[in-house]
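Encoded as structure tokens, the structure appears first; notes follow it.
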Amino acid sequence: MSNAQRLTRSEQELESSSFRTDVLRGLTARRKSLPAKYFYDAAGSRLFEAICELPEYYLTRVETALLTRIVPEVAALIPQGAALVEFGSGASVKTRLLLDAAPQLDFYVPIDISEAALGDAARTLNAAYPTLTVLPLLGDFTAPIALPKPVRQRPVVGFFPGSTIGNFAPAAAVDLLRSAGTLLGQGAQFLVGADLVKSPSVLVPAYDDAQGVTAAFNKNLLARINRELGAAIDPDRFRHRAVWNATDSRIEMHLVSLQDQTVEIAGRTITFAAGESIHTENSYKFTVAGFTALAEQAGWRVQASWTDADFPFGVFLLAA
Ligand code: AVJ
């Protein structure tokens with residue numbers, strides 16, 4: 001990734017030490033949990049791309065179909081010479097729908113924590129869109145970051161697809177939408193995809209697929225702890241669990257210990273009782289009214305919104 005903004009050495013050290021700190025904090029709490037953002041190392045980002053192809057994981061297909069239908073309308077609302085800034089860009093697949101429909105975009109700033117995913121995407125897009133300037137930003141979009149200089153004078157459109165906003169509890173989602181507004185700047189627009197509430201008979205299999213790809217994605221967190229913190233956790237001693245929590249309107253993913261066991265992580269001994277779980281992810285599901293209220297609490301107004309009727313999913317164009 002030659003032209004990407006890189007983390008400095010000390011930022012990298014800070015990042016790996018915060019992984020250790022977050023893992024130890026999460027696993028020594030009374031109710032064990034791990035932050036979902038740590039799913040996305042190189043292996044996890046690849047597993048997530050495989051999840052997007054699963055028959056049960058409707059989100060990617062439905063949002064892609066919806067975006068395909070609406071991009072002409074969205075493009076008509078994007079000013080000349082604008083910069084597109086994507087939060088958690090991954091392989092930048094949906095981005096291409098926007099780039100194709102809105103050739104008036106001069107800049108694309110993908111933000112992602114996976115260096116491999118970001119580098120691949122930047123190379124692919126540079127080759128496919130010769131007049132577009134791609135300025136990748138390696139980092140955590142939940143941490144304070146700044147836009148690259150060349151785009152600061154441009155009209156800015158944020159792009160946050162995939163219902164990644166659903167990984168944040170309501171108060172954190174409001175904080176994130178507000179800090180995204182600060183990053184994007186005065187007069188920005190923000191295109192956000194949010195998965196909507198639907199039957200648990202559709203939701204649960206989407207997070208617990210027959211082929212076990214989501215289970216592998218979840219267990220990769222344990223493998224990552226082994227790789228990066230020199231631990232020796234046996235992922236086979238845990239099982240993947242996905243459950244619909246109707247009270248909080250969210251899918252939860254857990255790793256459930258199959259037996260009493262102890263593991264050593266970074267010099268600490270962590271004990272698990274049989275049946276005890278590590279809560280690894282929340283995926284909130286919204287209503288149009290609920291998402292609108294979150295956006296408004298964060299200082300945005302809904303300029304336009306579109307939904308898919310069969311597998312309810314919403315795309316919201318927010319304006320400052
Ligand atoms: C990328 C956060 C939107 O919550 O649906 C997929 C991640 N987790 N399968 C989601 C995920 C399990 C995904 N997001």
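Chain identifiers are assigned as A, B, and so on, following the order in which chains appear in the structure tokens; residues are numbered from 1 within each chain, and ligands are numbered from 1 in order of appearance.
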(message) List the spatial neighbours of Ala320 (chain A) as a ChimeraX atom specification - criterion: any atom at most 8 Å away, only C-alpha atoms, same-chain residues fewer than 2 positions off excluded.
(response) /A:181,186-189,299-301,318
(request) Output as a PyMOL selection string all residues of region 3-237 of chain A that backbone DSSP marks as strand (DSSP E). (result) chain A and resi 83-87+107-112+133-134+137-138+156-160+189-195
Residues from last step as file, N, CA and C atoms, as a compact mmCIF listing (two decimals), in the first residue's frame:
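Output below, filename result.txt:
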```
# COMPACT_ATOMS: atom_id res chain seq x y z
N ALA A 83 -15.93 14.61 -2.67
CA ALA A 83 -15.12 13.50 -2.16
C ALA A 83 -16.04 12.51 -1.45
N LEU A 84 -15.85 11.22 -1.74
CA LEU A 84 -16.60 10.16 -1.07
C LEU A 84 -15.71 9.56 0.02
N VAL A 85 -16.20 9.54 1.25
CA VAL A 85 -15.42 9.03 2.39
C VAL A 85 -16.15 7.84 2.98
N GLU A 86 -15.52 6.65 2.90
CA GLU A 86 -16.23 5.43 3.34
C GLU A 86 -15.69 4.91 4.66
N PHE A 87 -16.61 4.61 5.58
CA PHE A 87 -16.27 4.12 6.92
C PHE A 87 -16.30 2.59 6.93
N PHE A 107 -12.67 12.41 -5.56
CA PHE A 107 -11.83 11.75 -4.56
C PHE A 107 -12.58 10.61 -3.89
N TYR A 108 -11.83 9.59 -3.51
CA TYR A 108 -12.40 8.50 -2.70
C TYR A 108 -11.45 8.24 -1.54
N VAL A 109 -11.96 8.36 -0.32
CA VAL A 109 -11.16 8.13 0.89
C VAL A 109 -11.73 6.91 1.62
N PRO A 110 -11.17 5.71 1.38
CA PRO A 110 -11.62 4.55 2.13
C PRO A 110 -10.92 4.50 3.49
N ILE A 111 -11.69 4.28 4.56
CA ILE A 111 -11.11 4.16 5.91
C ILE A 111 -11.34 2.72 6.37
N ASP A 112 -10.25 2.02 6.74
CA ASP A 112 -10.42 0.64 7.21
C ASP A 112 -9.28 0.27 8.15
N THR A 133 -9.08 10.14 -7.62
CA THR A 133 -7.93 10.09 -6.72
C THR A 133 -8.31 9.32 -5.46
N VAL A 134 -7.62 8.21 -5.21
CA VAL A 134 -7.92 7.37 -4.05
C VAL A 134 -6.91 7.67 -2.95
N LEU A 137 -7.10 5.61 4.07
CA LEU A 137 -6.80 6.02 5.44
C LEU A 137 -6.84 4.76 6.30
N LEU A 138 -5.66 4.31 6.76
CA LEU A 138 -5.58 3.11 7.58
C LEU A 138 -5.83 3.49 9.02
N VAL A 156 -18.26 17.01 0.74
CA VAL A 156 -17.94 15.67 1.23
C VAL A 156 -19.22 14.84 1.41
N VAL A 157 -19.15 13.60 0.91
CA VAL A 157 -20.25 12.66 1.11
C VAL A 157 -19.69 11.46 1.86
N GLY A 158 -20.20 11.21 3.05
CA GLY A 158 -19.81 10.01 3.80
C GLY A 158 -20.60 8.81 3.29
N PHE A 159 -20.01 7.64 3.42
CA PHE A 159 -20.69 6.40 2.99
C PHE A 159 -20.41 5.35 4.06
N PHE A 160 -21.49 4.83 4.64
CA PHE A 160 -21.37 3.87 5.75
C PHE A 160 -22.38 2.76 5.52
N GLN A 189 -22.91 15.42 3.49
CA GLN A 189 -24.00 14.45 3.41
C GLN A 189 -23.44 13.10 3.86
N PHE A 190 -24.34 12.20 4.26
CA PHE A 190 -23.88 10.92 4.82
C PHE A 190 -24.88 9.85 4.41
N LEU A 191 -24.42 8.90 3.59
CA LEU A 191 -25.28 7.81 3.11
C LEU A 191 -25.03 6.59 3.99
N VAL A 192 -26.05 6.17 4.73
CA VAL A 192 -25.90 5.11 5.74
C VAL A 192 -26.88 3.97 5.45
N GLY A 193 -26.37 2.74 5.45
CA GLY A 193 -27.21 1.56 5.31
C GLY A 193 -27.51 0.97 6.68
N ALA A 194 -28.77 0.65 6.95
CA ALA A 194 -29.14 0.10 8.25
C ALA A 194 -30.13 -1.05 8.06
N ASP A 195 -29.79 -2.19 8.61
CA ASP A 195 -30.68 -3.35 8.50
C ASP A 195 -31.90 -3.13 9.40
```
(message) Please determine, counting only C-alpha atoms, which residue among A:Ala289, A:Leu105, A:Val62, A:Ile251 has the shortest atom-to-atom distance to Ser305 (chain A).
(response) A:Ala289
Could the residues of chain A that have an atom at most 6 Å from ligand 1 be listed as a Markdown table, each with its closest atom pair and the distance in Å to one decimal, counting only C-alpha atoms and all ligand atoms and ordered by chain and ascending residue number?
```
| residue | atom | partner | partner_atom_place_in_ligand_line | distance |
| --- | --- | --- | --- | --- |
| A:Gly162 | CA | ligand 1 | 3 (C) | 4.9 |
| A:Ser163 | CA | ligand 1 | 3 (C) | 4.5 |
| A:Thr164 | CA | ligand 1 | 3 (C) | 4.0 |
| A:Asn167 | CA | ligand 1 | 2 (C) | 5.4 |
| A:Tyr207 | CA | ligand 1 | 9 (N) | 5.2 |
| A:Thr214 | CA | ligand 1 | 9 (N) | 5.8 |
| A:Ser283 | CA | ligand 1 | 4 (O) | 4.5 |
```
Could you write out that same residue set with C-alpha atoms as a compact mmCIF listing (two decimals), in the first residue's frame?
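Generated file (selection_33.txt):
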```
# COMPACT_ATOMS: atom_id res chain seq x y z
CA GLY A 162 -23.53 -2.73 5.40
CA SER A 163 -25.40 -1.85 8.60
CA THR A 164 -22.08 -1.59 10.42
CA ASN A 167 -22.60 -2.97 15.77
CA TYR A 207 -25.71 -15.15 11.79
CA THR A 214 -19.95 -17.28 10.62
CA SER A 283 -25.98 -6.39 15.47
```
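Of note, CA of Ala210 (chain A) and CA of Glu53 (chain A) are spaced 12.8 Å apart.
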Find the spatial neighbours of Thr60 (chain A), counting only C-alpha atoms, within a cut-off of 10 Å - ignore same-chain residues fewer than 5 positions away - and output them as a tab-separated table (two decimals) with C-alpha atoms, in the first residue's frame.
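selection_19.tsv, freshly written:
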```tsv
chain	number	residue	atom	x	y	z
A	49	GLU	CA	-16.17	-11.44	2.49
A	51	ILE	CA	-20.12	-14.39	4.79
A	52	CYS	CA	-21.36	-11.81	2.28
A	53	GLU	CA	-21.70	-14.61	-0.31
A	54	LEU	CA	-23.70	-16.95	1.94
A	65	ALA	CA	-29.93	-4.50	-5.00
A	66	LEU	CA	-31.36	-1.47	-3.21
A	94	LYS	CA	-20.67	-1.43	-3.02
A	161	PRO	CA	-23.04	0.83	4.18
A	162	GLY	CA	-23.53	-2.73	5.40
A	163	SER	CA	-25.40	-1.85	8.60
```
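CA of Phe39 (chain A) is found 20.3 Å from CA of Glu264 (chain A).
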(request) To one decimal in Å, tell me the separation between CA of Gln104 (chain A) and CA of Val151 (chain A). (result)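 About the pair CA of Gln104 (chain A) and CA of Val151 (chain A): they are 13.9 Å apart.
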(message) What's around Asn226 (chain A) at 12 Å? Count only C-alpha atoms, leave out sequence neighbours fewer than 6 positions away in its own chain, and write the answer as an MDAnalysis selection string.
(response) chainID A and resid 20 23 219:220 232:235 263:266
Please build the interface table for region 25-131 of chain A against region 202-206 of chain A with a cut-off of 7 Å, listing for each qualifying residue the nearest atom pair and the distance in Å to one decimal; count only C-alpha atoms, order rows by chain and increasing number, and write it as JSON lines.
```
{"residue": "A:Glu56", "atom": "CA", "partner": "A:Ala206", "partner_atom": "CA", "distance": 4.6}
{"residue": "A:Tyr57", "atom": "CA", "partner": "A:Ala206", "partner_atom": "CA", "distance": 4.4}
{"residue": "A:Tyr58", "atom": "CA", "partner": "A:Ala206", "partner_atom": "CA", "distance": 6.9}
```
Just N, CA and C atoms for this one: save the residues we selected as a PDB file, in the first residue's frame.
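again-v7.pdb written:
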```pdb
ATOM      1  N   GLU A  56     -27.698 -17.460   3.388  1.00  0.00           N
ATOM      2  CA  GLU A  56     -28.470 -16.969   4.540  1.00  0.00           C
ATOM      3  C   GLU A  56     -28.207 -15.491   4.841  1.00  0.00           C
ATOM      4  N   TYR A  57     -27.036 -14.986   4.435  1.00  0.00           N
ATOM      5  CA  TYR A  57     -26.669 -13.603   4.793  1.00  0.00           C
ATOM      6  C   TYR A  57     -27.256 -12.646   3.745  1.00  0.00           C
ATOM      7  N   TYR A  58     -28.542 -12.318   3.942  1.00  0.00           N
ATOM      8  CA  TYR A  58     -29.297 -11.509   2.967  1.00  0.00           C
ATOM      9  C   TYR A  58     -28.792 -10.071   2.888  1.00  0.00           C
TER      10      TYR A  58
END
```
(message) Considering only helix (DSSP H, G or I) as DSSP defines it on the backbone, what residues of region 106-140 of chain A qualify? List them as a list in words.
(response)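 Reading the DSSP output for region 106-140 of chain A, helix (DSSP H, G or I) covers Glu115, Ala116, Ala117, Leu118, Gly119, Asp120, Ala121, Ala122, Arg123, Thr124, Leu125, Asn126, Ala127 and Ala128 of chain A.
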(message) Which residues are near Leu222 (chain A)? Cut-off 12 Å, only C-alpha atoms, ignore same chain within fewer than 6 positions. Put them as a PyMOL selection string.
(response) chain A and resi 23+27+34+38-39+41+43-44+215-216+228-240+254-257+263+265+278+280
Using C-alpha atoms, can you export the residues from the last selection as a PDB file, in the first residue's frame?
```pdb
ATOM      1  CA  VAL A  23      -8.858  -8.460  25.422  1.00  0.00           C
ATOM      2  CA  LEU A  27     -12.147 -11.469  29.489  1.00  0.00           C
ATOM      3  CA  LEU A  34     -14.690  -8.784  23.267  1.00  0.00           C
ATOM      4  CA  TYR A  38     -11.191  -7.066  16.388  1.00  0.00           C
ATOM      5  CA  PHE A  39     -12.884  -9.521  13.997  1.00  0.00           C
ATOM      6  CA  ASP A  41      -7.671  -8.786  10.830  1.00  0.00           C
ATOM      7  CA  ALA A  43      -8.107 -13.616   8.061  1.00  0.00           C
ATOM      8  CA  GLY A  44     -11.285 -12.153   9.569  1.00  0.00           C
ATOM      9  CA  ALA A 215     -18.815 -19.718  13.321  1.00  0.00           C
ATOM     10  CA  ALA A 216     -15.308 -19.626  11.818  1.00  0.00           C
ATOM     11  CA  GLU A 228      -1.035 -11.802  18.452  1.00  0.00           C
ATOM     12  CA  LEU A 229      -0.883 -12.376  22.201  1.00  0.00           C
ATOM     13  CA  GLY A 230       0.917 -15.721  22.170  1.00  0.00           C
ATOM     14  CA  ALA A 231      -1.967 -17.573  23.795  1.00  0.00           C
ATOM     15  CA  ALA A 232      -2.924 -21.231  23.204  1.00  0.00           C
ATOM     16  CA  ILE A 233      -6.720 -21.198  23.312  1.00  0.00           C
ATOM     17  CA  ASP A 234      -8.326 -24.243  21.680  1.00  0.00           C
ATOM     18  CA  PRO A 235     -11.166 -22.823  19.505  1.00  0.00           C
ATOM     19  CA  ASP A 236     -12.738 -26.310  19.454  1.00  0.00           C
ATOM     20  CA  ARG A 237     -13.491 -25.924  23.144  1.00  0.00           C
ATOM     21  CA  PHE A 238     -15.944 -23.140  22.291  1.00  0.00           C
ATOM     22  CA  ARG A 239     -19.111 -23.149  20.225  1.00  0.00           C
ATOM     23  CA  HIS A 240     -20.591 -20.362  18.144  1.00  0.00           C
ATOM     24  CA  HIS A 254     -21.346 -15.425  21.581  1.00  0.00           C
ATOM     25  CA  LEU A 255     -18.549 -17.962  21.993  1.00  0.00           C
ATOM     26  CA  VAL A 256     -19.725 -20.487  24.563  1.00  0.00           C
ATOM     27  CA  SER A 257     -17.191 -22.528  26.527  1.00  0.00           C
ATOM     28  CA  VAL A 263      -6.402 -20.234  29.360  1.00  0.00           C
ATOM     29  CA  ILE A 265      -3.280 -14.828  27.859  1.00  0.00           C
ATOM     30  CA  ILE A 278     -17.930 -14.439  25.609  1.00  0.00           C
ATOM     31  CA  THR A 280     -18.494 -10.967  20.805  1.00  0.00           C
TER      32      THR A 280
END
```
What's around Ile70 (chain A) at 10 Å? Count only C-alpha atoms, leave out sequence neighbours fewer than 4 positions away in its own chain, and write the answer as an mmCIF file with N, CA and C atoms, in the first residue's frame.
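result_34.cif written:
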```cif
data_model
loop_
_atom_site.group_PDB
_atom_site.id
_atom_site.type_symbol
_atom_site.label_atom_id
_atom_site.label_comp_id
_atom_site.auth_asym_id
_atom_site.auth_seq_id
_atom_site.Cartn_x
_atom_site.Cartn_y
_atom_site.Cartn_z
ATOM 1 N N THR A 64 -27.163 -4.309 -1.824
ATOM 2 C CA THR A 64 -26.607 -4.102 -3.163
ATOM 3 C C THR A 64 -27.726 -3.872 -4.178
ATOM 4 N N ALA A 65 -28.796 -4.675 -4.080
ATOM 5 C CA ALA A 65 -29.933 -4.504 -4.997
ATOM 6 C C ALA A 65 -30.582 -3.139 -4.786
ATOM 7 N N LEU A 66 -30.736 -2.764 -3.512
ATOM 8 C CA LEU A 66 -31.363 -1.472 -3.205
ATOM 9 C C LEU A 66 -30.495 -0.322 -3.729
ATOM 10 N N VAL A 74 -29.465 9.070 -5.829
ATOM 11 C CA VAL A 74 -28.425 9.537 -4.903
ATOM 12 C C VAL A 74 -27.418 10.398 -5.664
ATOM 13 N N ALA A 75 -26.999 9.911 -6.827
ATOM 14 C CA ALA A 75 -25.979 10.620 -7.615
ATOM 15 C C ALA A 75 -26.444 12.021 -7.976
ATOM 16 N N LEU A 97 -20.801 0.950 -7.159
ATOM 17 C CA LEU A 97 -22.126 1.366 -7.635
ATOM 18 C C LEU A 97 -22.229 2.891 -7.619
ATOM 19 N N LEU A 98 -21.740 3.496 -6.533
ATOM 20 C CA LEU A 98 -21.769 4.957 -6.418
ATOM 21 C C LEU A 98 -20.806 5.614 -7.394
ATOM 22 N N ALA A 101 -22.185 5.594 -10.848
ATOM 23 C CA ALA A 101 -23.350 6.468 -11.072
ATOM 24 C C ALA A 101 -23.003 7.945 -10.901
ATOM 25 N N SER A 305 -34.734 8.745 2.098
ATOM 26 C CA SER A 305 -34.489 7.368 2.534
ATOM 27 C C SER A 305 -35.218 6.409 1.610
ATOM 28 N N TRP A 306 -34.667 5.210 1.515
ATOM 29 C CA TRP A 306 -35.207 4.188 0.630
ATOM 30 C C TRP A 306 -35.202 2.873 1.406
ATOM 31 N N THR A 307 -36.206 2.029 1.178
ATOM 32 C CA THR A 307 -36.207 0.728 1.853
ATOM 33 C C THR A 307 -36.531 -0.372 0.860
ATOM 34 N N VAL A 315 -31.715 2.490 3.377
ATOM 35 C CA VAL A 315 -30.579 3.349 3.052
ATOM 36 C C VAL A 315 -31.048 4.787 3.292
#
```
